[in-house]
Structure formats: structure tokens, C-alpha cells
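Engineer: Here you go, target-v5.txt (compact mmCIF, C-alpha atoms):
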```
# COMPACT_ATOMS: atom_id res chain seq x y z
CA MET A 46 44.62 54.70 135.92
CA GLY A 47 42.24 56.43 138.31
CA LYS A 48 38.78 55.68 139.62
CA THR A 49 35.48 57.51 139.29
CA VAL A 50 33.28 57.86 142.39
CA VAL A 51 29.69 58.95 141.72
CA LEU A 52 27.66 60.26 144.66
CA ILE A 53 23.89 60.00 144.26
CA SER A 54 20.84 60.59 146.45
CA SER A 55 17.13 59.98 146.13
CA LYS A 56 16.34 63.50 147.37
CA GLY A 57 18.07 66.79 148.00
CA GLY A 58 19.53 67.71 151.37
CA SER A 59 21.25 64.39 152.06
CA GLY A 60 24.63 66.08 152.64
CA LYS A 61 26.04 64.60 149.47
CA SER A 62 28.11 67.67 148.53
CA THR A 63 29.65 67.84 152.00
CA VAL A 64 30.59 64.16 151.67
CA ALA A 65 32.16 64.91 148.27
CA VAL A 66 34.34 67.66 149.75
CA GLY A 67 35.21 65.45 152.71
CA LEU A 68 36.32 62.59 150.46
CA ALA A 69 38.43 64.96 148.36
CA THR A 70 40.03 66.27 151.56
CA ALA A 71 40.84 62.75 152.73
CA PHE A 72 42.28 61.75 149.37
CA SER A 73 44.37 64.93 149.35
CA LEU A 74 45.84 64.11 152.76
CA ASN A 75 46.78 60.69 151.36
CA GLY A 76 48.58 62.26 148.41
CA LYS A 77 45.92 61.40 145.85
CA ARG A 78 45.30 63.70 142.89
CA THR A 79 41.54 64.31 142.90
CA LEU A 80 39.09 66.07 140.59
CA LEU A 81 35.65 67.10 141.86
CA ILE A 82 32.95 67.52 139.21
CA ASP A 83 29.85 69.41 140.33
CA ALA A 84 27.10 67.83 138.22
CA ASP A 85 24.21 69.45 140.10
CA GLU A 86 23.09 71.78 137.34
CA GLY A 87 21.25 74.84 138.55
CA ALA A 88 22.48 74.40 142.13
CA ARG A 89 26.21 75.07 141.98
CA CYS A 90 27.78 74.84 145.44
CA LEU A 91 31.15 73.05 145.43
CA ASP A 92 33.03 76.11 144.15
CA SER A 93 31.62 78.17 147.04
CA MET A 94 32.33 75.43 149.57
CA LEU A 95 35.94 75.37 148.38
CA ASN A 96 36.18 79.17 148.13
CA VAL A 97 37.09 79.23 144.42
CA ASN A 98 33.85 80.65 143.00
CA ALA A 99 35.59 83.87 141.95
CA GLN A 100 37.84 81.83 139.64
CA THR A 101 34.99 80.20 137.72
CA VAL A 102 34.97 80.96 133.99
CA PHE A 103 33.69 77.75 132.39
CA ASP A 104 31.58 74.93 133.85
CA ILE A 105 30.94 71.25 133.17
CA SER A 106 28.15 72.12 130.73
CA ASP A 107 30.62 74.10 128.61
CA VAL A 108 32.92 71.09 128.52
CA LEU A 109 30.19 68.62 127.55
CA LYS A 110 28.87 70.95 124.82
CA GLY A 111 32.34 71.42 123.36
CA ASN A 112 32.53 75.13 124.20
CA CYS A 113 35.89 74.57 125.90
CA GLU A 114 38.32 71.81 126.80
CA ALA A 115 38.16 70.17 130.20
CA ASP A 116 41.47 71.79 131.16
CA ASP A 117 39.93 75.23 130.57
CA ALA A 118 37.22 74.57 133.17
CA ILE A 119 39.39 72.93 135.84
CA ILE A 120 40.15 75.10 138.87
CA ASP A 121 42.96 74.42 141.33
CA VAL A 122 41.87 74.35 145.00
CA PRO A 123 44.79 76.11 146.75
CA GLN A 124 44.12 74.91 150.31
CA LEU A 125 43.96 71.24 149.28
CA LYS A 126 47.07 69.98 147.54
CA GLY A 127 46.23 67.95 144.46
CA VAL A 128 42.49 68.77 144.50
CA TYR A 129 40.77 70.37 141.52
CA ILE A 130 37.18 71.18 140.59
CA ILE A 131 34.95 71.68 137.56
CA PRO A 132 31.88 73.71 138.64
CA SER A 133 28.31 73.06 137.55
CA PRO A 134 26.26 75.53 135.49
CA LEU A 135 24.07 77.90 137.46
CA THR A 136 21.26 77.46 134.94
CA GLY A 137 20.56 75.49 131.79
CA GLU A 138 19.22 72.17 130.55
CA PRO A 139 20.02 68.87 132.30
CA LEU A 140 23.56 67.59 131.79
CA ASP A 141 24.18 64.74 129.36
CA LEU A 142 25.42 62.08 131.79
CA THR A 143 26.43 59.73 128.97
CA LYS A 144 28.88 62.35 127.73
CA LEU A 145 29.92 62.98 131.33
CA GLY A 146 30.63 59.27 131.77
CA LYS A 147 32.88 59.24 128.72
CA LEU A 148 34.64 62.35 130.01
CA THR A 149 35.34 60.78 133.40
CA GLU A 150 36.90 57.75 131.73
CA THR A 151 39.29 60.10 129.94
CA LEU A 152 40.02 62.13 133.09
CA GLU A 153 40.87 58.95 135.01
CA GLN A 154 44.15 58.93 133.09
CA ASP A 155 45.23 62.14 134.86
CA TYR A 156 43.67 61.77 138.33
CA ASP A 157 43.67 59.13 141.03
CA TYR A 158 40.02 59.95 141.77
CA VAL A 159 37.26 61.72 139.87
CA ILE A 160 34.37 62.48 142.25
CA VAL A 161 31.06 63.32 140.57
CA ASP A 162 28.52 65.09 142.79
CA THR A 163 25.21 64.51 141.00
CA LYS A 164 21.86 66.24 141.29
CA GLY A 165 19.52 64.88 143.95
CA GLN A 166 16.50 62.85 142.81
CA LEU A 167 18.00 61.87 139.47
CA PRO A 168 16.07 58.98 137.89
CA ALA A 169 18.00 55.81 137.16
CA GLU A 170 17.57 56.22 133.41
CA ARG A 171 19.75 59.33 133.53
CA LEU A 172 22.42 57.68 135.67
CA VAL A 173 22.85 54.60 133.46
CA GLY A 174 25.03 56.59 131.05
CA LEU A 175 27.79 56.62 133.64
CA PRO A 176 30.56 54.01 133.28
CA ARG A 177 29.86 50.63 134.90
CA SER A 178 33.35 50.76 136.40
CA ALA A 179 32.39 53.77 138.51
CA GLU A 180 31.95 53.40 142.27
CA VAL A 181 28.34 54.53 142.71
CA ILE A 182 27.53 55.51 146.30
CA SER A 183 24.09 56.46 147.60
CA VAL A 184 24.12 59.04 150.37
CA VAL A 185 21.00 58.78 152.52
CA ALA A 186 19.75 60.13 155.83
CA THR A 187 17.69 57.92 158.12
CA ASP A 188 14.21 59.29 157.35
CA LYS A 189 11.86 56.64 156.01
CA ILE A 190 10.94 58.33 152.73
CA ALA A 191 14.58 58.90 151.76
CA VAL A 192 15.48 55.29 152.57
CA ARG A 193 12.52 53.91 150.62
CA ASN A 194 13.27 56.04 147.56
CA THR A 195 16.96 55.12 147.76
CA GLY A 196 16.00 51.46 147.61
CA ILE A 197 13.91 52.05 144.49
CA LEU A 198 16.77 53.93 142.80
CA ASN A 199 19.39 51.35 143.76
CA THR A 200 17.22 48.47 142.52
CA GLU A 201 17.02 50.12 139.10
CA LEU A 202 20.78 50.71 139.05
CA ILE A 203 21.44 47.06 139.94
CA ARG A 204 19.23 46.00 137.02
CA ALA A 205 21.33 48.26 134.81
CA GLY A 206 24.55 46.54 135.91
CA PHE A 207 25.81 48.79 138.71
CA THR A 208 26.72 47.68 142.23
CA PRO A 209 25.75 50.67 144.40
CA ARG A 210 27.21 51.19 147.86
CA LEU A 211 25.60 53.03 150.75
CA ILE A 212 26.59 55.86 153.09
CA ILE A 213 24.19 56.52 155.96
CA ASN A 214 24.67 60.21 156.67
CA ARG A 215 23.70 62.39 159.65
CA PHE A 216 23.10 59.26 161.69
CA LYS A 217 21.41 59.57 165.08
CA ARG A 218 20.61 56.56 167.24
CA LYS A 219 17.18 57.88 168.18
CA THR A 220 14.41 59.21 165.97
CA ALA A 221 12.25 62.23 166.84
CA ASP A 222 9.75 59.96 168.58
CA GLY A 223 12.48 58.35 170.70
CA SER A 224 12.66 55.00 168.91
CA THR A 225 16.01 53.41 168.06
CA VAL A 226 17.16 53.53 164.44
CA ASN A 227 17.61 50.05 162.97
CA ILE A 228 20.67 50.16 160.72
CA ASP A 229 20.10 46.67 159.32
CA SER A 230 16.62 47.68 158.20
CA ILE A 231 18.01 50.77 156.46
CA ILE A 232 20.61 48.69 154.61
CA ASP A 233 18.02 46.12 153.55
CA GLU A 234 15.52 48.68 152.30
CA ALA A 235 18.17 50.81 150.60
CA ASN A 236 19.31 47.67 148.74
CA ALA A 237 23.02 48.45 148.80
CA ARG A 238 26.11 47.27 150.63
CA LEU A 239 27.15 49.61 153.43
CA ILE A 240 30.45 51.44 153.03
CA GLY A 241 30.14 53.74 156.03
CA ILE A 242 28.07 55.64 158.57
CA ILE A 243 28.57 59.36 159.20
CA PRO A 244 27.17 60.53 162.55
CA GLU A 245 25.20 63.70 163.12
CA ASP A 246 27.87 66.07 164.37
CA LYS A 247 27.05 69.61 165.46
CA SER A 248 30.74 70.33 165.94
CA ILE A 249 31.61 69.58 162.32
CA GLY A 250 33.96 72.27 161.13
CA ALA A 251 35.15 73.52 157.80
CA TYR A 252 38.12 75.67 156.89
CA GLU A 253 37.57 77.10 153.43
CA GLY A 254 35.46 74.06 152.63
CA ALA A 255 37.91 71.39 153.80
CA ILE A 256 36.37 69.32 156.59
CA LEU A 257 39.18 68.96 159.12
CA PHE A 258 37.79 67.86 162.46
CA GLY A 259 34.84 66.33 164.30
CA THR A 260 33.47 62.80 164.46
CA ALA A 261 31.77 63.22 161.07
CA ALA A 262 35.08 64.12 159.43
CA LYS A 263 36.74 61.05 160.96
CA ALA A 264 33.97 58.87 159.57
CA VAL A 265 34.37 60.37 156.08
CA PHE A 266 38.11 59.74 156.21
CA ARG A 267 37.48 56.09 157.09
CA ILE A 268 35.12 55.78 154.12
CA ALA A 269 37.81 57.27 151.88
CA GLY A 270 40.18 54.59 153.15
CA ARG A 271 37.71 51.86 152.15
CA ILE A 272 37.29 53.37 148.69
CA ASN A 273 41.08 53.50 148.48
CA GLY A 274 41.29 49.78 149.20
CA PHE A 275 42.12 49.76 152.89
CA GLU A 276 40.05 47.10 154.59
CA ASN A 277 39.43 48.93 157.85
CA PRO A 278 36.47 47.34 159.61
CA LEU A 279 32.98 48.72 159.21
CA PRO A 280 31.69 50.50 162.30
CA LYS A 281 29.82 48.78 165.09
CA ILE A 282 26.61 50.33 166.38
CA LYS A 283 28.34 51.39 169.62
CA ASN A 284 31.18 53.06 167.76
CA ILE A 285 30.20 54.45 164.38
CA LEU A 286 33.52 56.13 163.69
```
Starting from the file, give its structure as C-alpha cells.
Structural biologist:
Amino acid sequence: MGKTVVLISSKGGSGKSTVAVGLATAFSLNGKRTLLIDADEGARCLDSMLNVNAQTVFDISDVLKGNCEADDAIIDVPQLKGVYIIPSPLTGEPLDLTKLGKLTETLEQDYDYVIVDTKGQLPAERLVGLPRSAEVISVVATDKIAVRNTGILNTELIRAGFTPRLIINRFKRKTADGSTVNIDSIIDEANARLIGIIPEDKSIGAYEGAILFGTAAKAVFRIAGRINGFENPLPKIKNIL
């Protein structure tokens, strides 16, 4: 039986999709069969990041509406062994996340991990249709508005019975005005338990969408290990890898 990982954010541009691809890459390298579901309707990107956009025929909307079976929409990612993807629709009405939640529970029988990359700024009332067993992870940068809104979203999810985790992405020790970023304050305001910190990394590289090197990639791989049950220690401020 597999596990569903749902990536959320309180605003667009958090780097959530890059984290999704990075986690899939890490799981692949650990021999885990992984399905990525792009649930960001109207902003399809995972198929392009993974260089399989030319193979897209059906999308997750087609599956949820009953226009095709899930297997018809699943695309094999050749450069990542054991990684597959269902793209999002380029246009259309919002996805039914309750139906998506039921679908992920079924797909867990065939995959070690089902990673759902949701649309940024989704309200909690749309997310509550997802299964309570899912690992819900907020991806947030360090700007104050994003952190505040993440805390509001996570508080609503906690009330609904979820236990959200937190990834601080694109972390830099200093803000634009030269002040030091307080990680404890971010965790407190975001109202979620930290699962990892991904540093800002200008050298981050991608080969056909698979993040392979750089300090950010190493951090993502460590987060994947924690999701996979390895109790590697959380990073210290002086060493956020």
C-alpha cells in the first residue's frame, strides 16, 4: 500500500512544482514507484518539466469526469525509472478534489508514492476532500505575506483533521534589508511541523526535469528520506542541508 503526498502553497511561485519533481527523482533513485499528478488546472507544467508534454493525450480532468481510465492518462517518464505522471488540464473548471482524493486512494495500491501538485492559493474548503491519510506539505518561501497566509491555511486544515508539514523553500539567511531570517518564527506562524529547509541555490540544475545536483537538490533528497521514514536529523541553522 502506497502513500499520497499533497503539496500545497498559500500563493503561486513557491517552487512547489520543482519540489514535486525533486521528490519524485529522489524516490526513483530509491527504487520507489511514483506517480505525479499535476492538479494545477490551467497552469500545466510538470509534463514540460519532465519533457513528456508531446505524449499528453488525456489529463487528470478527463479521468475525474470519467472520459477515460486513469491508466489512459498516465505517462511514463523515461529518464526516471519508475516515475509516471498524469498532466493537468490546460483550461477548464476547477478540479473536484474529493474525487481526486478517492482516486489517489485507489492509485496507492499500484504506487509507493502518489504526489499531488495542487494549485497555489487553494482555499482549505477545497482541500478537505483529500484523504486524511495523505501527507499534506505546505511549501513556503520566507516572505512575510506567504508565511502569514500559510499559517491561516494550515490552521483551517488542522481544524479539518489534517496534520500539515512544512517545507521552507528558497531559504536565504538574510532578507533584502539585511536582517536575519528567524526560522522559529516562520515555523510558529506557518503553524506546521518542519520537515525540511531548501536553500536558495543559483547552481540548481535540471536534466530533462530531474533535479540532480546542487545544495537544493541534496535538501530535497533529505526531505524525501524523512517522508520515506528515515529519521535523518532536521537541519541546523548553520547547515541547512
Engineer: In terms of the shortest atom-to-atom distance over all atoms listed in the file, which of A:Gly76, A:Gly174, A:Gly60, A:Pro209 is closest to Asp141 (chain A)?
Structural biologist: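 Closest residue, counting all atoms listed in the file: A:Gly174.
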Engineer: Which residues of region 134-234 of chain A sit at most 9 Å from region 85-104 of chain A, using only C-alpha atoms? Give each one's shortest atom pair and distance in Å (one decimal place), in chain and ascending residue order, as a Markdown table.
Structural biologist:
```
| residue | atom | partner | partner_atom | distance |
| --- | --- | --- | --- | --- |
| A:Pro134 | CA | A:Glu86 | CA | 5.2 |
| A:Leu135 | CA | A:Gly87 | CA | 4.3 |
| A:Thr136 | CA | A:Gly87 | CA | 4.5 |
| A:Gly137 | CA | A:Gly87 | CA | 6.8 |
| A:Glu138 | CA | A:Glu86 | CA | 7.8 |
| A:Pro139 | CA | A:Glu86 | CA | 6.6 |
| A:Leu140 | CA | A:Glu86 | CA | 7.0 |
| A:Asp162 | CA | A:Asp85 | CA | 6.7 |
| A:Thr163 | CA | A:Asp85 | CA | 5.1 |
| A:Lys164 | CA | A:Asp85 | CA | 4.2 |
| A:Gly165 | CA | A:Asp85 | CA | 7.6 |
```
Engineer: Kindly indicate which residue among A:Ala65, A:Pro244, A:Gly259, A:Arg78 lies nearest to Gln154 (chain A), using all atoms listed in the file for the distances.
Structural biologist: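 Closest candidate: A:Arg78.
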Engineer: Using all atoms listed in the file, find all polymer residues with an atom at most 12 Å away from the point (37.7, 68.5, 135.7); report them as a PyMOL selection string.
Structural biologist: chain A and resi 49+78-84+103-109+113-122+128-133+145+148-156+158-161
Engineer: Taking only C-alpha atoms into account, which of A:Val185, A:Ala261, A:Leu239, A:Thr225 comes nearest Ser59 (chain A)?
Structural biologist: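 For Ser59 (chain A), the nearest of the given residues is A:Val185.
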Engineer: Show me, as a PyMOL selection string, the residues that have an atom within 9 Å of region 195-204 of chain A when counting only C-alpha atoms, minus same-chain residues fewer than 5 positions from it.
Structural biologist: chain A and resi 54-56+166-170+172-173+183-185+190+209-210+232-237
Engineer: Mind giving me the straight-line distance from CA of Lys217 (chain A) to CA of Leu74 (chain A) in Å, one decimal?
Structural biologist: 27.7 Å
Engineer: What is the CA of Pro123 (chain A) to CA of Asn214 (chain A) distance in Å?
Structural biologist: 27.5 Å
Engineer: Within 7 Å of (25.4, 50.7, 133.7), all atoms listed in the file: residues as a list of chain:residue names?
Structural biologist: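 Output: A:Val173, A:Gly174, A:Leu175, A:Pro176, A:Arg177, A:Ala205, A:Gly206, A:Phe207.
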Engineer: Separation of CA of Thr70 (chain A) and CA of Lys247 (chain A), in Å?
Structural biologist: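 Atom-to-atom, CA of Thr70 (chain A) to CA of Lys247 (chain A), that is 19.3 Å.
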Engineer: Nearest residue to Ala262 (chain A) out of A:Ala71, A:Val226, A:Leu125, A:Ile53, using all atoms listed in the file?
Structural biologist: A:Ala71
